[in-house]
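**Q** Below you'll find my_file_6.txt; it's compact mmCIF, C-alpha atoms.
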```txt
# COMPACT_ATOMS: atom_id res chain seq x y z
CA MET A 978 81.28 87.78 75.81
CA GLN A 979 83.09 89.58 78.55
CA PRO A 980 80.60 92.49 78.91
CA LEU A 981 77.63 90.11 79.02
CA ARG A 982 79.15 88.24 81.89
CA ARG A 983 79.40 91.54 83.70
CA VAL A 984 75.86 92.66 82.85
CA ILE A 985 73.90 89.65 84.01
CA PRO A 986 74.89 89.64 87.71
CA PHE A 987 74.22 93.34 87.86
CA ALA A 988 70.76 92.98 86.35
CA VAL A 989 70.00 90.28 88.87
CA SER A 990 71.15 92.47 91.73
CA LEU A 991 68.94 95.31 90.48
CA LEU A 992 65.91 93.11 90.10
CA LEU A 993 66.25 92.28 93.78
CA PRO A 994 65.46 95.64 95.36
CA VAL A 995 66.51 94.48 98.81
CA SER A 996 70.06 93.85 97.71
CA ALA A 997 70.10 97.12 95.80
CA MET A 998 69.02 99.04 98.90
CA ALA A 999 71.38 97.09 101.11
CA ALA A 1000 74.17 98.47 99.00
CA GLY A 1001 73.40 101.80 100.68
CA GLY A 1002 73.90 103.67 97.48
CA MET A 1003 70.57 105.47 97.36
CA PRO A 1004 71.08 109.23 97.20
CA GLN A 1005 67.56 109.58 98.64
CA MET A 1006 68.74 108.00 101.87
CA ASP A 1007 71.90 110.08 102.11
CA SER A 1008 71.26 111.77 105.43
CA GLU A 1009 74.71 113.35 105.40
CA ASN A 1010 73.94 115.47 102.36
CA PRO A 1011 72.33 118.74 103.60
CA LEU A 1012 70.60 119.09 100.24
CA THR A 1013 68.34 116.17 101.19
CA TYR A 1014 66.76 118.39 103.86
CA TRP A 1015 67.07 121.64 102.01
CA GLN A 1016 65.02 120.36 99.08
CA VAL A 1017 62.16 119.79 101.53
CA VAL A 1018 62.46 123.32 102.92
CA TRP A 1019 62.46 124.85 99.46
CA GLY A 1020 59.74 122.41 98.40
CA ALA A 1021 57.53 123.59 101.25
CA ILE A 1022 58.08 127.24 100.28
CA ILE A 1023 57.32 126.53 96.61
CA PHE A 1024 54.22 124.54 97.48
CA ILE A 1025 52.92 127.26 99.79
CA VAL A 1026 53.41 129.84 97.06
CA LEU A 1027 51.65 127.56 94.57
CA TYR A 1028 48.80 127.05 97.03
CA ILE A 1029 48.36 130.75 97.72
CA VAL A 1030 48.45 131.80 94.06
CA ALA A 1031 46.19 128.95 92.98
CA SER A 1032 43.61 129.30 95.76
CA ARG A 1033 43.50 133.12 95.74
CA PHE A 1034 43.75 133.93 92.04
CA ALA A 1035 43.85 131.05 89.58
CA LEU A 1036 41.13 128.70 90.82
CA PRO A 1037 38.47 131.33 91.67
CA LYS A 1038 38.87 132.59 88.12
CA VAL A 1039 38.08 129.15 86.73
CA GLY A 1040 35.22 128.76 89.17
CA ALA A 1041 33.78 132.13 88.19
CA VAL A 1042 33.84 131.26 84.49
CA LEU A 1043 32.20 127.89 85.14
CA GLU A 1044 29.53 129.46 87.36
CA GLU A 1045 28.87 132.15 84.81
CA ARG A 1046 28.43 129.53 82.12
CA ALA A 1047 26.12 127.45 84.29
CA ALA A 1048 24.04 130.56 85.06
CA HIS A 1049 23.97 131.51 81.38
CA ILE A 1050 22.82 128.04 80.38
CA ALA A 1051 20.15 128.03 83.09
CA ARG A 1052 18.98 131.46 81.95
CA ASP A 1053 18.82 130.38 78.33
CA LEU A 1054 16.95 127.23 79.23
CA GLU A 1055 14.44 129.25 81.21
CA ALA A 1056 13.95 131.66 78.32
CA ALA A 1057 13.51 128.75 75.93
CA GLN A 1058 10.92 127.20 78.24
CA ALA A 1059 9.06 130.48 78.53
CA SER A 1060 8.95 130.94 74.77
CA LYS A 1061 7.86 127.35 74.35
CA ALA A 1062 5.00 127.93 76.78
CA GLN A 1063 4.10 131.09 74.88
CA ALA A 1064 4.18 129.25 71.58
CA ASP A 1065 2.03 126.49 73.06
CA SER A 1066 -0.61 128.93 74.29
CA GLY A 1067 -0.56 130.68 70.92
CA MET A 1068 -1.02 127.36 69.21
CA ALA A 1069 -3.93 126.49 71.52
CA GLU A 1070 -5.52 129.87 70.76
CA ALA A 1071 -5.14 129.32 67.04
CA THR A 1072 -6.67 125.85 67.30
CA ALA A 1073 -9.59 127.20 69.30
CA ALA A 1074 -10.11 130.00 66.79
CA ILE A 1075 -10.07 127.54 63.92
CA ALA A 1076 -12.59 125.28 65.69
CA LYS A 1077 -14.84 128.26 66.40
CA ALA A 1078 -14.67 129.48 62.83
CA ARG A 1079 -15.47 126.02 61.57
CA ASN A 1080 -18.52 125.77 63.85
CA GLU A 1081 -19.74 129.17 62.74
CA ALA A 1082 -19.30 128.27 59.12
CA GLN A 1083 -21.16 125.00 59.65
CA THR A 1084 -24.10 126.73 61.33
CA ALA A 1085 -24.16 129.34 58.57
CA ILE A 1086 -24.19 126.62 55.94
CA ASN A 1087 -26.92 124.75 57.79
CA SER A 1088 -29.14 127.82 58.18
CA ALA A 1089 -28.60 128.82 54.56
CA LEU A 1090 -29.44 125.30 53.48
CA ASP A 1091 -32.58 125.28 55.67
CA ALA A 1092 -33.69 128.66 54.33
CA ALA A 1093 -33.16 127.55 50.76
CA LYS A 1094 -35.07 124.31 51.40
CA GLY A 1095 -37.92 126.25 53.03
CA ALA A 1096 -38.11 128.69 50.13
CA ALA A 1097 -38.06 125.89 47.61
CA ALA A 1098 -40.83 124.04 49.43
CA GLU A 1099 -42.94 127.19 49.60
CA GLN A 1100 -42.46 127.86 45.91
CA ALA A 1101 -43.35 124.30 45.10
CA ALA A 1102 -46.45 124.52 47.28
CA THR A 1103 -47.68 127.77 45.65
CA LEU A 1104 -46.96 126.37 42.25
CA ASN A 1105 -48.89 123.24 43.16
CA THR A 1106 -51.89 125.15 44.42
CA ARG A 1107 -51.89 127.35 41.32
CA LEU A 1108 -51.60 124.37 39.07
CA GLU A 1109 -54.36 122.60 40.97
CA LYS A 1110 -56.52 125.68 40.75
CA GLN A 1111 -55.91 125.95 37.02
CA LEU A 1112 -56.60 122.26 36.65
CA ALA A 1113 -59.84 122.62 38.56
CA GLU A 1114 -60.82 125.64 36.47
CA SER A 1115 -59.98 123.84 33.29
CA GLU A 1116 -61.94 120.80 34.40
CA GLY A 1117 -64.88 123.03 35.26
CA GLN A 1118 -64.68 124.68 31.82
CA ILE A 1119 -64.46 121.31 30.16
CA ALA A 1120 -67.48 120.05 32.11
CA GLN A 1121 -69.42 123.21 31.27
CA ALA A 1122 -68.50 122.92 27.61
CA ARG A 1123 -69.56 119.33 27.64
CA THR A 1124 -72.90 119.99 29.27
CA GLN A 1125 -73.47 122.82 26.82
CA ALA A 1126 -72.54 120.52 24.02
CA MET A 1127 -74.78 117.79 25.44
CA SER A 1128 -77.78 120.07 25.86
CA ALA A 1129 -77.24 121.39 22.31
CA LEU A 1130 -77.11 117.77 21.13
CA ARG A 1131 -80.50 117.07 22.80
CA GLU A 1132 -82.05 120.13 21.19
CA VAL A 1133 -80.62 119.19 17.80
CA ALA A 1134 -81.66 115.56 18.28
CA THR A 1135 -85.21 116.60 19.33
CA GLU A 1136 -85.53 119.03 16.45
CA THR A 1137 -84.12 116.54 13.96
CA ALA A 1138 -86.21 113.69 15.30
CA GLY A 1139 -89.36 115.94 15.31
CA THR A 1140 -88.69 117.03 11.72
CA ILE A 1141 -87.96 113.45 10.55
CA VAL A 1142 -91.14 112.11 12.24
CA ALA A 1143 -93.22 115.01 10.81
CA ARG A 1144 -91.98 114.32 7.31
CA LEU A 1145 -92.47 110.60 7.58
CA THR A 1146 -95.85 110.60 9.27
CA GLY A 1147 -97.10 113.97 8.24
CA GLN A 1148 -97.98 114.91 11.74
CA ALA A 1149 -96.02 116.34 14.62
CA PRO A 1150 -94.99 113.76 17.15
CA ASP A 1151 -96.03 113.76 20.72
CA PRO A 1152 -93.34 115.87 22.35
CA GLN A 1153 -93.50 113.90 25.60
CA ARG A 1154 -92.88 110.54 23.91
CA LEU A 1155 -90.21 112.00 21.69
CA ASN A 1156 -88.39 113.52 24.67
CA GLY A 1157 -88.52 110.19 26.55
CA ALA A 1158 -87.17 108.24 23.55
CA ILE A 1159 -84.29 110.66 22.94
CA GLY A 1160 -83.45 110.66 26.66
CA ALA A 1161 -83.32 106.85 26.60
CA ALA A 1162 -81.19 106.78 23.43
CA LEU A 1163 -78.75 109.34 24.79
CA ALA A 1164 -78.53 107.51 28.08
CA ALA A 1165 -77.83 104.29 26.19
CA ARG A 1166 -74.87 106.03 24.43
CA GLY A 1167 -73.55 107.24 27.73
CA ALA A 1168 -73.77 110.96 26.96
CA GLY A 1169 -76.83 111.92 28.99
CA MET B 314 77.74 100.26 95.06
CA ALA B 315 80.49 97.76 94.57
CA ALA B 316 78.56 96.00 91.81
CA GLU B 317 77.85 99.30 90.08
CA ALA B 318 81.45 100.40 90.18
CA HIS B 319 82.35 97.05 88.74
CA THR B 320 79.90 97.10 85.80
CA GLY B 321 79.73 100.78 85.13
CA ILE B 322 75.93 101.12 85.27
CA ASP B 323 75.07 103.97 87.62
CA ALA B 324 71.31 103.49 87.98
CA LEU B 325 71.06 105.52 91.17
CA GLY B 326 73.24 108.45 90.16
CA GLN B 327 70.22 110.10 88.52
CA PHE B 328 68.70 110.66 91.96
CA LYS B 329 71.72 112.53 93.32
CA LEU B 330 70.90 116.03 94.47
CA GLU B 331 72.99 118.88 93.08
CA PRO B 332 72.76 122.60 93.69
CA ALA B 333 70.96 124.38 90.86
CA LEU B 334 71.00 127.94 89.51
CA GLY B 335 74.74 128.41 89.85
CA ALA B 336 76.38 130.25 92.73
CA ILE B 337 73.18 131.76 94.14
CA GLY B 338 71.46 128.39 94.24
CA HIS B 339 74.55 126.91 95.81
CA SER B 340 74.61 129.48 98.59
CA VAL B 341 70.94 128.90 99.57
CA ASN B 342 71.05 125.13 98.96
CA PHE B 343 68.55 125.33 96.10
CA THR B 344 68.62 121.93 94.38
CA GLN B 345 67.63 120.78 90.93
CA ALA B 346 64.66 119.08 92.61
CA ASN B 347 63.45 122.50 93.75
CA LEU B 348 64.00 123.86 90.26
CA MET B 349 61.71 121.15 88.90
CA MET B 350 59.16 122.02 91.60
CA VAL B 351 59.23 125.62 90.41
CA VAL B 352 58.82 124.49 86.81
CA ALA B 353 55.94 122.16 87.74
CA SER B 354 54.18 124.87 89.78
CA GLY B 355 54.78 127.38 87.01
CA LEU B 356 53.24 125.03 84.44
CA VAL B 357 50.17 124.43 86.63
CA LEU B 358 49.63 128.15 87.13
CA ALA B 359 50.36 128.87 83.46
CA LEU B 360 47.74 126.33 82.43
CA LEU B 361 45.17 127.99 84.68
CA PHE B 362 46.03 131.61 83.89
CA LEU B 363 46.67 131.26 80.15
CA GLY B 364 43.82 128.81 79.75
CA MET B 365 41.27 131.01 81.48
CA ARG B 366 42.43 134.27 79.90
CA PRO B 367 39.76 134.22 77.14
CA ARG B 368 36.98 133.61 79.73
CA ALA B 369 35.03 132.29 76.78
CA MET B 370 31.47 131.03 77.01
CA VAL B 371 32.42 128.29 74.55
CA PRO B 372 35.94 127.30 75.65
CA GLY B 373 38.88 126.75 73.34
CA ARG B 374 41.36 123.92 73.70
CA LEU B 375 43.51 125.27 76.52
CA GLN B 376 40.53 126.65 78.41
CA SER B 377 38.79 123.28 78.10
CA ALA B 378 41.88 121.62 79.55
CA ALA B 379 41.99 124.06 82.47
CA GLU B 380 38.28 123.63 83.13
CA MET B 381 38.55 119.87 82.89
CA CYS B 382 41.35 119.88 85.49
CA TYR B 383 39.22 122.04 87.76
CA GLU B 384 36.10 119.93 87.36
CA THR B 385 37.92 116.61 87.73
CA VAL B 386 39.44 117.59 91.08
CA MET B 387 36.22 119.30 92.17
CA GLY B 388 34.31 116.11 91.38
CA MET B 389 36.87 114.09 93.31
CA CYS B 390 36.50 116.36 96.35
CA THR B 391 32.70 116.51 96.40
CA GLU B 392 32.28 112.81 95.69
CA GLN B 393 34.81 111.61 98.25
CA ILE B 394 34.56 114.17 101.02
CA GLY B 395 31.01 115.29 100.48
CA HIS B 396 29.58 118.78 100.74
CA GLU B 397 32.47 119.98 102.92
CA GLY B 398 34.91 118.95 100.18
CA LYS B 399 34.82 122.37 98.54
CA LYS B 400 36.81 123.76 101.46
CA PHE B 401 39.69 121.41 100.71
CA PHE B 402 39.44 121.71 96.95
CA PRO B 403 42.37 124.16 96.41
CA LEU B 404 44.66 121.99 98.53
CA VAL B 405 43.73 118.74 96.77
CA PHE B 406 44.06 120.52 93.43
CA CYS B 407 47.56 121.76 94.29
CA LEU B 408 48.66 118.38 95.64
CA PHE B 409 47.36 116.51 92.62
CA PHE B 410 48.83 118.79 89.98
CA PHE B 411 52.08 119.42 91.86
CA ILE B 412 52.70 115.66 91.98
CA LEU B 413 51.32 115.00 88.49
CA PHE B 414 53.49 117.62 86.80
CA GLY B 415 56.51 116.53 88.87
CA ASN B 416 55.99 112.93 87.78
CA LEU B 417 55.42 113.80 84.13
CA LEU B 418 58.39 116.18 83.94
CA GLY B 419 60.54 113.36 85.32
CA VAL B 420 59.84 111.25 82.24
CA PHE B 421 61.77 113.74 80.05
CA PRO B 422 65.43 112.83 79.63
CA TYR B 423 67.84 114.79 81.86
CA PHE B 424 64.93 116.10 83.94
CA PHE B 425 64.94 115.42 87.65
CA THR B 426 61.98 113.68 89.30
CA PHE B 427 61.45 115.29 92.69
CA THR B 428 58.76 112.75 93.62
CA SER B 429 61.44 110.04 93.54
CA HIS B 430 62.84 111.42 96.79
CA ILE B 431 61.45 109.88 99.97
CA ALA B 432 62.18 113.10 101.85
CA VAL B 433 59.82 115.04 99.57
CA THR B 434 57.04 112.46 99.52
CA LEU B 435 57.39 111.90 103.26
CA ALA B 436 57.07 115.62 103.89
CA MET B 437 53.93 115.74 101.76
CA SER B 438 52.34 112.70 103.39
CA LEU B 439 53.26 113.99 106.85
CA PHE B 440 51.61 117.28 105.97
CA VAL B 441 48.46 115.47 104.79
CA PHE B 442 48.47 113.33 107.94
CA LEU B 443 48.81 116.31 110.26
CA LEU B 444 46.17 118.25 108.35
CA VAL B 445 43.72 115.33 108.50
CA THR B 446 44.32 114.88 112.26
CA PHE B 447 43.96 118.61 112.84
CA VAL B 448 40.71 118.76 110.86
CA ALA B 449 39.33 115.73 112.70
CA ILE B 450 40.10 117.20 116.14
CA LYS B 451 38.73 120.60 115.13
CA GLU B 452 35.51 119.06 113.81
CA HIS B 453 34.88 116.53 116.58
CA GLY B 454 37.02 117.54 119.53
CA MET B 455 37.80 114.70 121.91
CA HIS B 456 35.14 112.61 120.21
CA PHE B 457 37.72 112.09 117.45
CA PHE B 458 39.50 109.46 119.55
CA SER B 459 36.45 107.19 119.32
CA TYR B 460 37.67 106.66 115.75
CA PHE B 461 40.18 104.16 117.12
CA LEU B 462 37.47 101.95 118.65
CA PRO B 463 34.98 100.77 116.04
CA LYS B 464 31.42 100.25 117.29
CA GLY B 465 30.30 96.78 118.32
CA VAL B 466 33.71 95.50 119.38
CA PRO B 467 33.56 93.20 122.43
CA GLY B 468 35.24 94.64 125.54
CA ALA B 469 37.89 91.94 125.67
CA LEU B 470 39.08 92.78 122.17
CA ALA B 471 39.04 96.56 122.68
CA PRO B 472 42.72 97.03 123.66
CA LEU B 473 43.86 94.98 120.67
CA MET B 474 41.50 96.80 118.31
CA ILE B 475 42.65 100.19 119.54
CA LEU B 476 46.26 99.20 119.02
CA ILE B 477 45.56 97.93 115.50
CA GLU B 478 43.56 101.03 114.61
CA ILE B 479 46.29 103.36 115.84
CA ILE B 480 48.93 101.47 113.90
CA SER B 481 46.81 101.52 110.75
CA TYR B 482 46.17 105.24 111.25
CA LEU B 483 49.88 105.98 111.64
CA SER B 484 50.84 103.73 108.75
CA ARG B 485 49.04 106.14 106.42
CA ILE B 486 52.15 108.33 106.52
CA VAL B 487 54.35 105.47 105.36
CA SER B 488 51.97 104.02 102.79
CA LEU B 489 51.23 107.39 101.24
CA SER B 490 54.88 108.44 100.95
CA VAL B 491 56.51 105.10 100.10
CA ARG B 492 53.92 104.26 97.43
CA LEU B 493 54.71 107.39 95.44
CA PHE B 494 58.45 107.37 96.06
CA ALA B 495 58.93 103.66 95.28
CA ASN B 496 56.83 103.80 92.11
CA MET B 497 58.71 106.76 90.71
CA MET B 498 62.13 105.46 91.70
CA ALA B 499 61.54 101.94 90.38
CA GLY B 500 60.44 103.23 87.01
CA HIS B 501 63.45 105.48 86.62
CA VAL B 502 65.88 102.76 87.72
CA MET B 503 64.39 100.42 85.12
CA LEU B 504 64.70 103.08 82.43
CA GLU B 505 68.32 103.70 83.37
CA VAL B 506 69.18 100.00 83.44
CA PHE B 507 67.66 99.24 80.06
CA GLY B 508 69.15 102.41 78.65
CA SER B 509 72.57 101.22 79.78
CA PHE B 510 71.84 97.81 78.25
CA ILE B 511 71.30 99.46 74.88
CA VAL B 512 74.66 101.19 75.02
CA MET B 513 76.58 98.22 76.40
CA LEU B 514 75.01 95.57 74.18
CA GLY B 515 75.23 97.83 71.16
CA GLY B 516 78.95 98.05 71.77
CA LEU B 517 79.36 94.28 71.56
CA GLY B 518 79.14 94.25 67.79
CA LEU B 519 76.91 92.14 65.56
CA LEU B 520 75.85 89.70 68.27
CA GLY B 521 74.70 92.53 70.53
CA TYR B 522 72.46 94.36 68.06
CA PHE B 523 69.44 92.15 68.57
CA PRO B 524 69.38 92.29 72.40
CA ALA B 525 70.21 95.98 72.23
CA GLY B 526 67.19 96.51 69.97
CA LEU B 527 65.11 94.46 72.37
CA SER B 528 66.21 96.71 75.24
CA LEU B 529 65.26 99.74 73.21
CA GLY B 530 61.83 98.22 72.71
CA VAL B 531 61.54 97.56 76.44
CA ASN B 532 62.52 101.15 77.19
CA THR B 533 59.92 102.43 74.76
CA MET B 534 57.27 100.42 76.57
CA LEU B 535 58.63 101.57 79.91
CA ILE B 536 58.23 105.21 78.91
CA GLY B 537 54.57 104.57 78.17
CA PHE B 538 54.26 102.68 81.40
CA GLU B 539 55.91 105.57 83.25
CA LEU B 540 53.31 107.99 81.87
CA LEU B 541 50.61 105.72 83.24
CA VAL B 542 52.31 105.37 86.62
CA ALA B 543 52.94 109.12 86.82
CA THR B 544 49.24 109.89 86.36
CA LEU B 545 48.02 107.00 88.45
CA GLN B 546 50.23 107.75 91.43
CA ALA B 547 49.30 111.42 91.46
CA TYR B 548 45.66 110.37 91.33
CA VAL B 549 46.15 107.82 94.12
CA PHE B 550 47.83 110.40 96.34
CA ALA B 551 45.03 112.89 95.77
CA ILE B 552 42.19 110.41 96.16
CA LEU B 553 43.68 108.96 99.35
CA THR B 554 44.01 112.48 100.71
CA CYS B 555 40.32 112.96 99.92
CA ILE B 556 39.38 109.68 101.61
CA TYR B 557 41.37 110.58 104.72
CA LEU B 558 39.72 113.99 104.79
CA HIS B 559 36.34 112.29 104.47
CA ASP B 560 37.18 110.17 107.51
CA ALA B 561 38.28 113.28 109.37
CA VAL B 562 35.08 115.16 108.56
CA HIS B 563 32.63 112.30 109.05
CA LEU B 564 34.48 109.85 111.40
CA HIS B 565 33.60 106.66 109.44
```
Please express the file's structure as structure tokens.
**A**
Amino acid sequence: MQPLRRVIPFAVSLLLPVSAMAAGGMPQMDSENPLTYWQVVWGAIIFIVLYIVASRFALPKVGAVLEERAAHIARDLEAAQASKAQADSGMAEATAAIAKARNEAQTAINSALDAAKGAAAEQAATLNTRLEKQLAESEGQIAQARTQAMSALREVATETAGTIVARLTGQAPDPQRLNGAIGAALAARGAG
Amino acid sequence: MAAEAHTGIDALGQFKLEPALGAIGHSVNFTQANLMMVVASGLVLALLFLGMRPRAMVPGRLQSAAEMCYETVMGMCTEQIGHEGKKFFPLVFCLFFFILFGNLLGVFPYFFTFTSHIAVTLAMSLFVFLLVTFVAIKEHGMHFFSYFLPKGVPGALAPLMILIEIISYLSRIVSLSVRLFANMMAGHVMLEVFGSFIVMLGGLGLLGYFPAGLSLGVNTMLIGFELLVATLQAYVFAILTCIYLHDAVHLH
């Protein structure tokens, strides 16, 4: 335990900086050593050399590279913005062109549709008039045929009735009475 | 010193300055601290030059790292100082990465941490202080001295306020330098102490293995902690420089 007994007081003395400094053993405070001053002289020279080399050569080099990079980035950003604007305007143009084309197509469709409708209506109208005309003609023919048939019926009926009366009575009937009776009979049948 | 000689732990010996680079270094008083400064500066410049060599539009890994360093410090300058911050950007960049690489190199075993020397940090903070004062006087002329009397202070309090403001202005030198120096030194002392514990307790035999392992665990955590402190302190130094420069340019 001998070394321990020696260590503890020393540790205590070191942990109290005042007592350590009071011992006067600090080489930093050794004003009799010329090296204490000479290190400052040499230190000043070294620092001045460091300052000159760093400020004249080393640091401007770093600064130049950093500036160049910043300029490059700014340039690239500008170019990117310009191409974005270009792309945007191109896009707007394309959209406008599409809208225009769509409008044109719509109007074309509408006009074609209108024309087709018009033509169809015209055709239908002509067809109608033709059909109506034919119908009217046919009706006229039918009516004519009917009147012809009716007048033929009257003649036949008059002749037949005259012949029948002549055979039955032996004398020709009075044409005026016969005509009246046939007219009445035909009218009663609804064919007069 | 007496206690150290007694126990055999030399926690402060790591900060002792020695001439580096053999006889030539010895003749011009070039120390190992200066050697580490050269290494740190060389690494910063190598990162920038090698990283930016491809000048690629889409950066690779190293170029991304270099650009990130540039943009981080540039952001710090423009956010803290404002539009005029670009003027001071190379200086803030050099300060930040000089300190950061010095701190980080110090975490490697056998490497010297030049930011653990008050003379170095004091020189840097004095430089920042003088620069800030110079910029303020150049920008505002004699009007700069109105900085020490905030607006709306009653006349009776003015002498006291001016005194307090001047003290707080001057204390920037101390706070800036001591903060960095003390942080770096404390971390390295702790590492050394716990490292010695491992060796000493490990030598005790069976009973010492457990505490020795514990000390190893503590040292492992301390290394991680040191990485954090190294980055944080470099950042604090740089951001405070920016804030002081903002005050100099804008006067509140």
**Q** Return the single residue from B:Leu473, B:Leu325, B:Val448, B:Met389 that is closest to Asp560 (chain B), with distances computed using all atoms listed in the file.
**A**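 Closest residue, counting all atoms listed in the file: B:Val448.
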**Q** Could you please tell me, as a list in words, which residues of chain A have an atom within 7 Å of chain B when using all atoms listed in the file?
**A**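 In the required form, that comes to Arg983, Val984, Phe987, Ala1000, Gly1002, Met1003, Pro1004, Gln1005, Leu1012, Thr1013, Trp1015, Gln1016, Val1017, Trp1019, Gly1020, Ile1023, Leu1027, Tyr1028, Ala1031, Ser1032, Ala1035, Val1039, Val1042 and Arg1046 of chain A.
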**Q** To one decimal place in Å, what is the distance between CA of Leu417 (chain B) and CA of Leu504 (chain B)?
**A** 14.3 Å
**Q** Can you list, as a list in words, every protein, DNA or RNA residue that comes within 12 Å of Leu540 (chain B) when you count only C-alpha atoms, leaving out same-chain residues fewer than 6 positions away?
**A**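 Selected residues are Leu413, Phe414, Gly415, Asn416, Leu417, Leu418, Gly419, Val420, Phe421, Asn496, Met497, Gly500, His501, Thr533, Met534, Gln546 and Ala547 of chain B.
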**Q** One decimal, Å: what's the distance from CA of Leu462 (chain B) over to CA of Ile475 (chain B), could you say?
**A**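 Straight-line distance from CA of Leu462 (chain B) to CA of Ile475 (chain B) works out to 5.5 Å.
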